[in-house]
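Step one of this worksheet: look at the structure below.
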Amino acid sequence: MQTPRRRGLLIILSSPSGAGKSTLARRLMQWDPTLRFSVSATTRQPRSGETDGVEYFFKTRSEFAAMVEADGMLEHAEVFGNFYGTPKGPVEAAMAQGRDTLFDIDWQGGQQIRRSSLAKDVVSIFILPPSIADLEARLRTRAQDSDEVIAGRMAKSRDEISHWGEYDYVIINRDVDAAEAELKTILTAERARADRQPSLNDFVRGLNAEFDAR
Ligand SMILES: Nc1nc2c(ncn2[C@@H]2O[C@H](COP(=O)(O)OP(=O)(O)O)[C@@H](O)[C@H]2O)c(=O)[nH]1
Ligand SMILES: Nc1ncnc2c1ncn2[C@@H]1O[C@H](COP(=O)(O)OP(=O)(O)O)[C@@H](O)[C@H]1O
């Protein structure tokens, strides 16, 4: 029988809207196709270019409520007047297979997962913009949201940023290539740490057997 692999890690990315989480998540997925992106359910309207089941599962409010009611969400929260949540089944399946999952969720979701029984498998990373002027410029150049929606996201960004200290790592996304490199370094180190655990357990079991035999 094969030695069981370690459980998959839960890699949580949070940031104020426009700081660059989706861009960095996309780059990380290209770098490592074995990484699984957690596709959230949301009640917000799709943006142009978004496909149901790829960026999000787009749901009506009643469909979303039914998923919560059926205990189908690992975490869920209201963000910018819409509901967002992480379907639980695929995360549990990936963890059991030893596959790491990447989450693009807000601080409320990050906090719920860190406070759950899965906390020890979490690696959490907060992405900061280099400045608030840059943050606003990025939301505008993304050109996906109306002025009103952008103003709403800017108004919430201070609150989101105030949670940076709850995360394991913080990356300032000044240059996107540098931020990507930092993210890969974090992931590589955290994986090495998680990977050695099963073999170390076996090794220390061996040392204890040696004690017992003395
Ligand atoms: N708690 C929680 N937050 C989510 C989830 N999915 C997305 N979000 C967050 O909801 C916020 C808005 O996401 P979105 O509408 O895609 O806008 P964007 O971040 O500006 O691209 C972001 O902070 C996301 O990280 C989820 O499943 N749970
Ligand atoms: N380091 C960076 N420098 C300049 N623009 C960036 C940088 N990182 C991301 N962007 C751009 O900023 C916009 C917002 O990024 P996005 O990844 O959609 O943010 P979020 O998912 O956090 O809302 C996008 O147009 C993206 O191409």
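Ordering of the structure tokens sets the chain letters (A, B, ...); residue numbers start at 1 within each chain; ligands are numbered from 1 in the order shown.
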Find the nearest atom pair between each residue of chain A and ligand 1 for residues within 9 Å, count only C-alpha atoms and all ligand atoms, give distances in Å to one decimal, sort rows by chain and ascending number, and present the table as a tab-separated table.
```
residue	atom	partner	partner_atom_place_in_ligand_line	distance
A:Leu13	CA	ligand 1	25 (O)	7.4
A:Ser14	CA	ligand 1	25 (O)	5.6
A:Ser15	CA	ligand 1	23 (O)	6.2
A:Pro16	CA	ligand 1	23 (O)	6.0
A:Ser17	CA	ligand 1	20 (O)	4.0
A:Gly18	CA	ligand 1	20 (O)	5.4
A:Ala19	CA	ligand 1	19 (O)	8.2
A:Gly20	CA	ligand 1	19 (O)	8.2
A:Lys21	CA	ligand 1	19 (O)	7.2
A:Ser22	CA	ligand 1	21 (O)	6.5
A:Ser38	CA	ligand 1	27 (O)	8.0
A:Val39	CA	ligand 1	27 (O)	7.4
A:Ser40	CA	ligand 1	27 (O)	4.3
A:Ala41	CA	ligand 1	27 (O)	6.1
A:Thr42	CA	ligand 1	6 (N)	6.9
A:Arg44	CA	ligand 1	15 (O)	6.7
A:Gln45	CA	ligand 1	15 (O)	8.6
A:Pro46	CA	ligand 1	15 (O)	8.7
A:Arg47	CA	ligand 1	15 (O)	8.8
A:Glu55	CA	ligand 1	16 (O)	8.0
A:Tyr56	CA	ligand 1	6 (N)	7.7
A:Met73	CA	ligand 1	27 (O)	8.6
A:Leu74	CA	ligand 1	27 (O)	8.6
A:Glu75	CA	ligand 1	28 (N)	6.3
A:His76	CA	ligand 1	1 (N)	5.0
A:Ala77	CA	ligand 1	1 (N)	4.7
A:Glu78	CA	ligand 1	1 (N)	7.1
A:Val79	CA	ligand 1	10 (O)	5.6
A:Phe80	CA	ligand 1	12 (C)	7.0
A:Asn82	CA	ligand 1	15 (O)	8.2
A:Phe83	CA	ligand 1	28 (N)	7.9
A:Tyr84	CA	ligand 1	26 (C)	4.4
A:Gly85	CA	ligand 1	27 (O)	3.3
A:Thr86	CA	ligand 1	27 (O)	4.1
A:Pro87	CA	ligand 1	27 (O)	7.6
A:Phe103	CA	ligand 1	6 (N)	7.7
A:Asp104	CA	ligand 1	25 (O)	4.5
A:Ile105	CA	ligand 1	25 (O)	3.3
A:Asp106	CA	ligand 1	23 (O)	4.1
A:Trp107	CA	ligand 1	1 (N)	6.7
A:Gln108	CA	ligand 1	1 (N)	5.3
A:Gly109	CA	ligand 1	1 (N)	3.5
A:Gly110	CA	ligand 1	1 (N)	6.8
A:Gln111	CA	ligand 1	1 (N)	8.7
A:Gln112	CA	ligand 1	1 (N)	8.3
A:Leu139	CA	ligand 1	20 (O)	7.5
A:Gln144	CA	ligand 1	20 (O)	8.9
A:Asp145	CA	ligand 1	20 (O)	8.6
A:Ile150	CA	ligand 1	20 (O)	8.6
A:Arg153	CA	ligand 1	20 (O)	7.3
A:Glu160	CA	ligand 1	23 (O)	8.1
```
Next, the residues of the selection above should be written as a compact mmCIF listing (two decimals), in the first residue's frame with N, CA and C atoms.
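Saved result, part-v4.txt, follows:
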```txt
# COMPACT_ATOMS: atom_id res chain seq x y z
N LEU A 13 -6.10 33.70 -0.22
CA LEU A 13 -5.68 35.03 -0.65
C LEU A 13 -6.81 36.00 -0.35
N SER A 14 -6.50 37.10 0.36
CA SER A 14 -7.48 38.16 0.57
C SER A 14 -6.83 39.49 0.28
N SER A 15 -7.64 40.48 -0.05
CA SER A 15 -7.13 41.83 -0.29
C SER A 15 -8.32 42.74 -0.52
N PRO A 16 -8.10 44.06 -0.45
CA PRO A 16 -9.20 44.92 -0.91
C PRO A 16 -9.38 44.71 -2.40
N SER A 17 -10.58 44.97 -2.87
CA SER A 17 -10.90 44.79 -4.29
C SER A 17 -9.96 45.65 -5.14
N GLY A 18 -9.34 45.04 -6.15
CA GLY A 18 -8.46 45.77 -7.05
C GLY A 18 -6.99 45.66 -6.71
N ALA A 19 -6.64 45.05 -5.59
CA ALA A 19 -5.22 44.96 -5.20
C ALA A 19 -4.46 43.93 -6.04
N GLY A 20 -5.20 43.01 -6.67
CA GLY A 20 -4.55 42.08 -7.59
C GLY A 20 -4.64 40.60 -7.24
N LYS A 21 -5.58 40.22 -6.35
CA LYS A 21 -5.69 38.79 -5.98
C LYS A 21 -6.00 37.90 -7.18
N SER A 22 -6.98 38.30 -7.98
CA SER A 22 -7.37 37.40 -9.09
C SER A 22 -6.23 37.24 -10.07
N SER A 38 -10.63 27.28 -5.81
CA SER A 38 -11.95 27.10 -5.22
C SER A 38 -12.93 28.06 -5.89
N VAL A 39 -13.83 27.51 -6.67
CA VAL A 39 -14.82 28.35 -7.36
C VAL A 39 -15.97 28.62 -6.38
N SER A 40 -16.11 29.89 -6.02
CA SER A 40 -17.13 30.28 -5.06
C SER A 40 -18.50 30.41 -5.72
N ALA A 41 -19.52 30.36 -4.90
CA ALA A 41 -20.86 30.70 -5.36
C ALA A 41 -21.10 32.16 -5.01
N THR A 42 -21.78 32.88 -5.87
CA THR A 42 -22.09 34.29 -5.56
C THR A 42 -23.43 34.68 -6.14
N ARG A 44 -23.74 37.85 -7.02
CA ARG A 44 -23.52 39.04 -7.86
C ARG A 44 -23.65 38.67 -9.33
N GLN A 45 -23.91 39.69 -10.15
CA GLN A 45 -24.08 39.48 -11.59
C GLN A 45 -22.72 39.16 -12.22
N PRO A 46 -22.70 38.28 -13.25
CA PRO A 46 -21.42 38.03 -13.93
C PRO A 46 -20.91 39.29 -14.63
N ARG A 47 -19.58 39.49 -14.61
CA ARG A 47 -18.98 40.56 -15.41
C ARG A 47 -18.80 40.04 -16.83
N GLU A 55 -15.12 31.37 -13.02
CA GLU A 55 -14.76 32.36 -11.98
C GLU A 55 -15.64 32.16 -10.74
N TYR A 56 -16.91 31.95 -11.01
CA TYR A 56 -17.90 31.77 -9.93
C TYR A 56 -19.02 30.84 -10.42
N MET A 73 -21.89 24.93 2.53
CA MET A 73 -20.85 25.95 2.44
C MET A 73 -19.82 25.81 3.56
N LEU A 74 -18.56 25.90 3.17
CA LEU A 74 -17.47 25.88 4.15
C LEU A 74 -17.47 27.20 4.93
N GLU A 75 -17.77 28.27 4.24
CA GLU A 75 -17.90 29.61 4.83
C GLU A 75 -18.73 30.42 3.87
N HIS A 76 -19.34 31.48 4.37
CA HIS A 76 -20.06 32.39 3.47
C HIS A 76 -20.17 33.75 4.13
N ALA A 77 -20.32 34.78 3.32
CA ALA A 77 -20.37 36.13 3.87
C ALA A 77 -21.06 37.05 2.88
N GLU A 78 -21.50 38.18 3.40
CA GLU A 78 -22.03 39.22 2.52
C GLU A 78 -20.91 40.20 2.24
N VAL A 79 -20.63 40.45 0.96
CA VAL A 79 -19.57 41.39 0.58
C VAL A 79 -20.16 42.34 -0.47
N PHE A 80 -20.02 43.63 -0.27
CA PHE A 80 -20.52 44.64 -1.22
C PHE A 80 -21.99 44.37 -1.60
N ASN A 82 -23.65 41.65 -1.86
CA ASN A 82 -23.97 40.34 -2.44
C ASN A 82 -23.46 39.24 -1.52
N PHE A 83 -23.98 38.03 -1.74
CA PHE A 83 -23.52 36.89 -0.94
C PHE A 83 -22.48 36.10 -1.72
N TYR A 84 -21.46 35.66 -0.99
CA TYR A 84 -20.38 34.86 -1.56
C TYR A 84 -20.14 33.70 -0.61
N GLY A 85 -19.84 32.52 -1.16
CA GLY A 85 -19.55 31.39 -0.27
C GLY A 85 -18.77 30.31 -0.99
N THR A 86 -18.09 29.50 -0.18
CA THR A 86 -17.23 28.42 -0.69
C THR A 86 -17.95 27.09 -0.58
N PRO A 87 -18.29 26.44 -1.72
CA PRO A 87 -18.88 25.10 -1.64
C PRO A 87 -17.94 24.13 -0.92
N PHE A 103 -7.84 29.87 -2.51
CA PHE A 103 -9.09 30.60 -2.28
C PHE A 103 -8.88 32.10 -2.51
N ASP A 104 -9.79 32.72 -3.22
CA ASP A 104 -9.85 34.19 -3.35
C ASP A 104 -11.10 34.59 -2.59
N ILE A 105 -10.94 34.87 -1.30
CA ILE A 105 -12.10 35.18 -0.45
C ILE A 105 -11.78 36.38 0.44
N ASP A 106 -12.80 37.00 1.01
CA ASP A 106 -12.55 38.20 1.82
C ASP A 106 -12.16 37.81 3.25
N TRP A 107 -11.89 38.83 4.07
CA TRP A 107 -11.40 38.58 5.44
C TRP A 107 -12.41 37.78 6.28
N GLN A 108 -13.69 37.98 6.00
CA GLN A 108 -14.70 37.26 6.79
C GLN A 108 -14.61 35.76 6.53
N GLY A 109 -14.42 35.42 5.23
CA GLY A 109 -14.28 34.01 4.87
C GLY A 109 -12.99 33.43 5.43
N GLY A 110 -11.91 34.23 5.33
CA GLY A 110 -10.62 33.79 5.86
C GLY A 110 -10.73 33.49 7.35
N GLN A 111 -11.41 34.38 8.06
CA GLN A 111 -11.56 34.21 9.51
C GLN A 111 -12.40 32.96 9.84
N GLN A 112 -13.45 32.74 9.07
CA GLN A 112 -14.30 31.56 9.33
C GLN A 112 -13.52 30.26 9.13
N LEU A 139 -8.75 49.62 -10.13
CA LEU A 139 -10.18 49.31 -10.28
C LEU A 139 -10.71 49.97 -11.55
N GLN A 144 -14.34 47.12 -15.35
CA GLN A 144 -15.40 46.11 -15.28
C GLN A 144 -16.59 46.62 -14.49
N ASP A 145 -16.37 47.66 -13.69
CA ASP A 145 -17.42 48.09 -12.78
C ASP A 145 -17.80 49.54 -13.03
N ILE A 150 -17.37 51.05 -8.14
CA ILE A 150 -15.97 51.33 -7.75
C ILE A 150 -15.94 52.14 -6.45
N ARG A 153 -16.58 49.88 -3.54
CA ARG A 153 -15.43 49.02 -3.23
C ARG A 153 -14.32 49.81 -2.54
N GLU A 160 -11.32 46.28 4.87
CA GLU A 160 -10.66 45.01 4.47
C GLU A 160 -9.18 45.06 4.89
```
Taking the backbone alone, and naming residues the way the document does, which bits of segment 68-165 of chain A are alpha helix (DSSP H) by DSSP, as a PDB file with N, CA and C atoms, in the first residue's frame?
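Okay, result-v6.pdb is ready:
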```pdb
ATOM      1  N   VAL A  68     -26.685  27.169   1.667  1.00  0.00           N
ATOM      2  CA  VAL A  68     -26.305  27.401   3.073  1.00  0.00           C
ATOM      3  C   VAL A  68     -27.143  26.505   3.982  1.00  0.00           C
ATOM      4  N   GLU A  69     -28.438  26.489   3.690  1.00  0.00           N
ATOM      5  CA  GLU A  69     -29.395  25.708   4.487  1.00  0.00           C
ATOM      6  C   GLU A  69     -29.014  24.226   4.500  1.00  0.00           C
ATOM      7  N   LYS A  88     -18.500  23.381   0.030  1.00  0.00           N
ATOM      8  CA  LYS A  88     -17.677  22.567   0.940  1.00  0.00           C
ATOM      9  C   LYS A  88     -17.148  21.278   0.312  1.00  0.00           C
ATOM     10  N   GLY A  89     -18.008  20.568  -0.440  1.00  0.00           N
ATOM     11  CA  GLY A  89     -17.658  19.236  -0.957  1.00  0.00           C
ATOM     12  C   GLY A  89     -16.336  19.189  -1.712  1.00  0.00           C
ATOM     13  N   PRO A  90     -16.136  20.056  -2.722  1.00  0.00           N
ATOM     14  CA  PRO A  90     -14.903  19.991  -3.505  1.00  0.00           C
ATOM     15  C   PRO A  90     -13.644  20.262  -2.668  1.00  0.00           C
ATOM     16  N   VAL A  91     -13.770  21.088  -1.628  1.00  0.00           N
ATOM     17  CA  VAL A  91     -12.601  21.392  -0.788  1.00  0.00           C
ATOM     18  C   VAL A  91     -12.215  20.141   0.010  1.00  0.00           C
ATOM     19  N   GLU A  92     -13.232  19.493   0.583  1.00  0.00           N
ATOM     20  CA  GLU A  92     -12.952  18.288   1.368  1.00  0.00           C
ATOM     21  C   GLU A  92     -12.349  17.192   0.490  1.00  0.00           C
ATOM     22  N   ALA A  93     -12.874  17.069  -0.738  1.00  0.00           N
ATOM     23  CA  ALA A  93     -12.365  16.033  -1.653  1.00  0.00           C
ATOM     24  C   ALA A  93     -10.897  16.318  -1.995  1.00  0.00           C
ATOM     25  N   ALA A  94     -10.583  17.577  -2.299  1.00  0.00           N
ATOM     26  CA  ALA A  94      -9.207  17.930  -2.662  1.00  0.00           C
ATOM     27  C   ALA A  94      -8.259  17.682  -1.479  1.00  0.00           C
ATOM     28  N   MET A  95      -8.695  18.053  -0.281  1.00  0.00           N
ATOM     29  CA  MET A  95      -7.838  17.846   0.906  1.00  0.00           C
ATOM     30  C   MET A  95      -7.527  16.368   1.086  1.00  0.00           C
ATOM     31  N   ALA A  96      -8.564  15.539   0.924  1.00  0.00           N
ATOM     32  CA  ALA A  96      -8.386  14.096   1.113  1.00  0.00           C
ATOM     33  C   ALA A  96      -7.422  13.526   0.078  1.00  0.00           C
ATOM     34  N   TRP A 107     -11.890  38.831   4.067  1.00  0.00           N
ATOM     35  CA  TRP A 107     -11.402  38.575   5.439  1.00  0.00           C
ATOM     36  C   TRP A 107     -12.410  37.782   6.279  1.00  0.00           C
ATOM     37  N   GLN A 108     -13.689  37.980   6.004  1.00  0.00           N
ATOM     38  CA  GLN A 108     -14.705  37.256   6.793  1.00  0.00           C
ATOM     39  C   GLN A 108     -14.613  35.756   6.534  1.00  0.00           C
ATOM     40  N   GLY A 109     -14.425  35.419   5.234  1.00  0.00           N
ATOM     41  CA  GLY A 109     -14.283  34.006   4.873  1.00  0.00           C
ATOM     42  C   GLY A 109     -12.992  33.434   5.428  1.00  0.00           C
ATOM     43  N   GLY A 110     -11.911  34.231   5.328  1.00  0.00           N
ATOM     44  CA  GLY A 110     -10.616  33.791   5.860  1.00  0.00           C
ATOM     45  C   GLY A 110     -10.734  33.491   7.355  1.00  0.00           C
ATOM     46  N   GLN A 111     -11.407  34.379   8.061  1.00  0.00           N
ATOM     47  CA  GLN A 111     -11.562  34.211   9.511  1.00  0.00           C
ATOM     48  C   GLN A 111     -12.396  32.957   9.836  1.00  0.00           C
ATOM     49  N   GLN A 112     -13.453  32.739   9.066  1.00  0.00           N
ATOM     50  CA  GLN A 112     -14.303  31.558   9.333  1.00  0.00           C
ATOM     51  C   GLN A 112     -13.519  30.260   9.128  1.00  0.00           C
ATOM     52  N   ILE A 113     -12.691  30.214   8.082  1.00  0.00           N
ATOM     53  CA  ILE A 113     -11.936  28.970   7.836  1.00  0.00           C
ATOM     54  C   ILE A 113     -10.833  28.805   8.888  1.00  0.00           C
ATOM     55  N   ARG A 114     -10.184  29.924   9.240  1.00  0.00           N
ATOM     56  CA  ARG A 114      -9.124  29.835  10.267  1.00  0.00           C
ATOM     57  C   ARG A 114      -9.682  29.422  11.621  1.00  0.00           C
ATOM     58  N   ILE A 132      -3.277  53.843  -2.050  1.00  0.00           N
ATOM     59  CA  ILE A 132      -4.729  53.883  -2.284  1.00  0.00           C
ATOM     60  C   ILE A 132      -5.005  54.464  -3.684  1.00  0.00           C
ATOM     61  N   ALA A 133      -4.133  55.391  -4.113  1.00  0.00           N
ATOM     62  CA  ALA A 133      -4.289  55.940  -5.475  1.00  0.00           C
ATOM     63  C   ALA A 133      -4.127  54.827  -6.509  1.00  0.00           C
ATOM     64  N   ASP A 134      -3.139  53.948  -6.299  1.00  0.00           N
ATOM     65  CA  ASP A 134      -2.948  52.810  -7.216  1.00  0.00           C
ATOM     66  C   ASP A 134      -4.152  51.883  -7.188  1.00  0.00           C
ATOM     67  N   LEU A 135      -4.677  51.663  -5.979  1.00  0.00           N
ATOM     68  CA  LEU A 135      -5.834  50.760  -5.841  1.00  0.00           C
ATOM     69  C   LEU A 135      -6.993  51.269  -6.703  1.00  0.00           C
ATOM     70  N   GLU A 136      -7.266  52.566  -6.576  1.00  0.00           N
ATOM     71  CA  GLU A 136      -8.378  53.141  -7.343  1.00  0.00           C
ATOM     72  C   GLU A 136      -8.088  53.077  -8.843  1.00  0.00           C
ATOM     73  N   ALA A 137      -6.839  53.386  -9.208  1.00  0.00           N
ATOM     74  CA  ALA A 137      -6.472  53.350 -10.637  1.00  0.00           C
ATOM     75  C   ALA A 137      -6.657  51.941 -11.191  1.00  0.00           C
ATOM     76  N   ARG A 138      -6.315  50.927 -10.399  1.00  0.00           N
ATOM     77  CA  ARG A 138      -6.444  49.539 -10.874  1.00  0.00           C
ATOM     78  C   ARG A 138      -7.911  49.163 -11.063  1.00  0.00           C
ATOM     79  N   LEU A 139      -8.746  49.616 -10.128  1.00  0.00           N
ATOM     80  CA  LEU A 139     -10.177  49.310 -10.281  1.00  0.00           C
ATOM     81  C   LEU A 139     -10.711  49.970 -11.554  1.00  0.00           C
ATOM     82  N   ARG A 140     -10.217  51.170 -11.841  1.00  0.00           N
ATOM     83  CA  ARG A 140     -10.692  51.878 -13.040  1.00  0.00           C
ATOM     84  C   ARG A 140     -10.144  51.246 -14.314  1.00  0.00           C
ATOM     85  N   THR A 141      -8.853  50.878 -14.319  1.00  0.00           N
ATOM     86  CA  THR A 141      -8.296  50.304 -15.565  1.00  0.00           C
ATOM     87  C   THR A 141      -8.865  48.909 -15.820  1.00  0.00           C
ATOM     88  N   ARG A 142      -9.297  48.213 -14.766  1.00  0.00           N
ATOM     89  CA  ARG A 142      -9.929  46.911 -14.992  1.00  0.00           C
ATOM     90  C   ARG A 142     -11.195  47.090 -15.817  1.00  0.00           C
ATOM     91  N   ASP A 147     -18.892  53.467 -11.993  1.00  0.00           N
ATOM     92  CA  ASP A 147     -18.310  54.400 -11.009  1.00  0.00           C
ATOM     93  C   ASP A 147     -18.890  54.156  -9.622  1.00  0.00           C
ATOM     94  N   GLU A 148     -20.170  53.847  -9.595  1.00  0.00           N
ATOM     95  CA  GLU A 148     -20.856  53.648  -8.312  1.00  0.00           C
ATOM     96  C   GLU A 148     -20.301  52.400  -7.602  1.00  0.00           C
ATOM     97  N   VAL A 149     -20.128  51.329  -8.381  1.00  0.00           N
ATOM     98  CA  VAL A 149     -19.598  50.087  -7.805  1.00  0.00           C
ATOM     99  C   VAL A 149     -18.158  50.315  -7.333  1.00  0.00           C
ATOM    100  N   ILE A 150     -17.370  51.053  -8.136  1.00  0.00           N
ATOM    101  CA  ILE A 150     -15.969  51.329  -7.751  1.00  0.00           C
ATOM    102  C   ILE A 150     -15.941  52.139  -6.450  1.00  0.00           C
ATOM    103  N   ALA A 151     -16.823  53.132  -6.363  1.00  0.00           N
ATOM    104  CA  ALA A 151     -16.856  53.959  -5.142  1.00  0.00           C
ATOM    105  C   ALA A 151     -17.202  53.091  -3.935  1.00  0.00           C
ATOM    106  N   GLY A 152     -18.119  52.157  -4.106  1.00  0.00           N
ATOM    107  CA  GLY A 152     -18.507  51.255  -3.007  1.00  0.00           C
ATOM    108  C   GLY A 152     -17.337  50.392  -2.581  1.00  0.00           C
ATOM    109  N   ARG A 153     -16.578  49.884  -3.537  1.00  0.00           N
ATOM    110  CA  ARG A 153     -15.430  49.020  -3.225  1.00  0.00           C
ATOM    111  C   ARG A 153     -14.317  49.813  -2.542  1.00  0.00           C
ATOM    112  N   MET A 154     -14.102  51.060  -3.023  1.00  0.00           N
ATOM    113  CA  MET A 154     -13.086  51.911  -2.391  1.00  0.00           C
ATOM    114  C   MET A 154     -13.469  52.199  -0.931  1.00  0.00           C
ATOM    115  N   ALA A 155     -14.774  52.448  -0.722  1.00  0.00           N
ATOM    116  CA  ALA A 155     -15.228  52.775   0.635  1.00  0.00           C
ATOM    117  C   ALA A 155     -15.004  51.607   1.593  1.00  0.00           C
ATOM    118  N   LYS A 156     -15.037  50.388   1.073  1.00  0.00           N
ATOM    119  CA  LYS A 156     -14.864  49.191   1.917  1.00  0.00           C
ATOM    120  C   LYS A 156     -13.401  48.798   2.080  1.00  0.00           C
ATOM    121  N   SER A 157     -12.509  49.395   1.266  1.00  0.00           N
ATOM    122  CA  SER A 157     -11.142  48.867   1.226  1.00  0.00           C
ATOM    123  C   SER A 157     -10.400  49.104   2.550  1.00  0.00           C
ATOM    124  N   ARG A 158     -10.703  50.198   3.224  1.00  0.00           N
ATOM    125  CA  ARG A 158     -10.029  50.480   4.494  1.00  0.00           C
ATOM    126  C   ARG A 158     -10.342  49.395   5.528  1.00  0.00           C
ATOM    127  N   ASP A 159     -11.609  49.008   5.542  1.00  0.00           N
ATOM    128  CA  ASP A 159     -12.058  47.977   6.471  1.00  0.00           C
ATOM    129  C   ASP A 159     -11.368  46.636   6.157  1.00  0.00           C
ATOM    130  N   GLU A 160     -11.320  46.279   4.866  1.00  0.00           N
ATOM    131  CA  GLU A 160     -10.662  45.014   4.473  1.00  0.00           C
ATOM    132  C   GLU A 160      -9.181  45.060   4.890  1.00  0.00           C
ATOM    133  N   ILE A 161      -8.513  46.188   4.586  1.00  0.00           N
ATOM    134  CA  ILE A 161      -7.081  46.315   4.896  1.00  0.00           C
ATOM    135  C   ILE A 161      -6.830  46.191   6.408  1.00  0.00           C
TER     136      ILE A 161
END
```
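Taking atom CA of Thr101 of chain A as the reference point, atom CA of Thr34 of chain A is found at 9.1 Å.
Neighbouring residues of Asp195 of chain A at 12 Å or closer, counting only C-alpha atoms and skipping chain neighbours under 3 positions away, are Pro4, Arg5, Arg6, Arg7, Gly8, Leu9, Gly98, Arg99, Asp100, Asp121, Leu187, Thr188, Ala189, Glu190, Arg191, Ala192, Pro198, Ser199, Leu200 and Asn201 of chain A.
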Selection: 7 Å around Phe126 of chain A, only C-alpha atoms, excl. self and same-chain fewer than 2 positions, as a list in words: Leu13, Ser14, Ser15, Ser124, Leu128, Trp164, Tyr167, Tyr169, Val170 and Ile171 of chain A
Can you list every residue in segment 23-110 of chain A that DSSP puts in strand (DSSP E), as JSON, numbers by chain? {"A": [36, 37, 40, 41, 42, 56, 57, 58, 73, 74, 75, 76, 77, 78, 79, 82, 83, 84, 85, 86, 87, 101, 102, 103, 104]}
For C-alpha atoms, I'd like the residues from the last selection saved as a compact mmCIF listing (two decimals), in the first residue's frame.
```txt
# COMPACT_ATOMS: atom_id res chain seq x y z
CA ARG A 36 -7.15 23.67 -7.44
CA PHE A 37 -8.96 27.02 -7.53
CA SER A 40 -17.13 30.28 -5.06
CA ALA A 41 -20.86 30.70 -5.36
CA THR A 42 -22.09 34.29 -5.56
CA TYR A 56 -17.90 31.77 -9.93
CA PHE A 57 -21.07 29.73 -9.77
CA PHE A 58 -23.64 32.46 -10.32
CA MET A 73 -20.85 25.95 2.44
CA LEU A 74 -17.47 25.88 4.15
CA GLU A 75 -17.90 29.61 4.83
CA HIS A 76 -20.06 32.39 3.47
CA ALA A 77 -20.37 36.13 3.87
CA GLU A 78 -22.03 39.22 2.52
CA VAL A 79 -19.57 41.39 0.58
CA ASN A 82 -23.97 40.34 -2.44
CA PHE A 83 -23.52 36.89 -0.94
CA TYR A 84 -20.38 34.86 -1.56
CA GLY A 85 -19.55 31.39 -0.27
CA THR A 86 -17.23 28.42 -0.69
CA PRO A 87 -18.88 25.10 -1.64
CA THR A 101 -6.68 24.56 -2.91
CA LEU A 102 -6.39 28.27 -3.62
CA PHE A 103 -9.09 30.60 -2.28
CA ASP A 104 -9.85 34.19 -3.35
```
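You will find atom CA of Ala179 of chain A at 12.6 Å from atom 22 (O, counted along the ligand's line) of ligand 2.
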d(atom CA of Arg61 of chain A, atom 17 (O, counted along the ligand's line) of ligand 2) in Å: 25.6 Å
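With only C-alpha atoms as the basis for measurement, A:Ser48 is the residue among A:Ser117, A:Ser48, A:Ile12, A:Gln97 that approaches Ala143 of chain A most closely.
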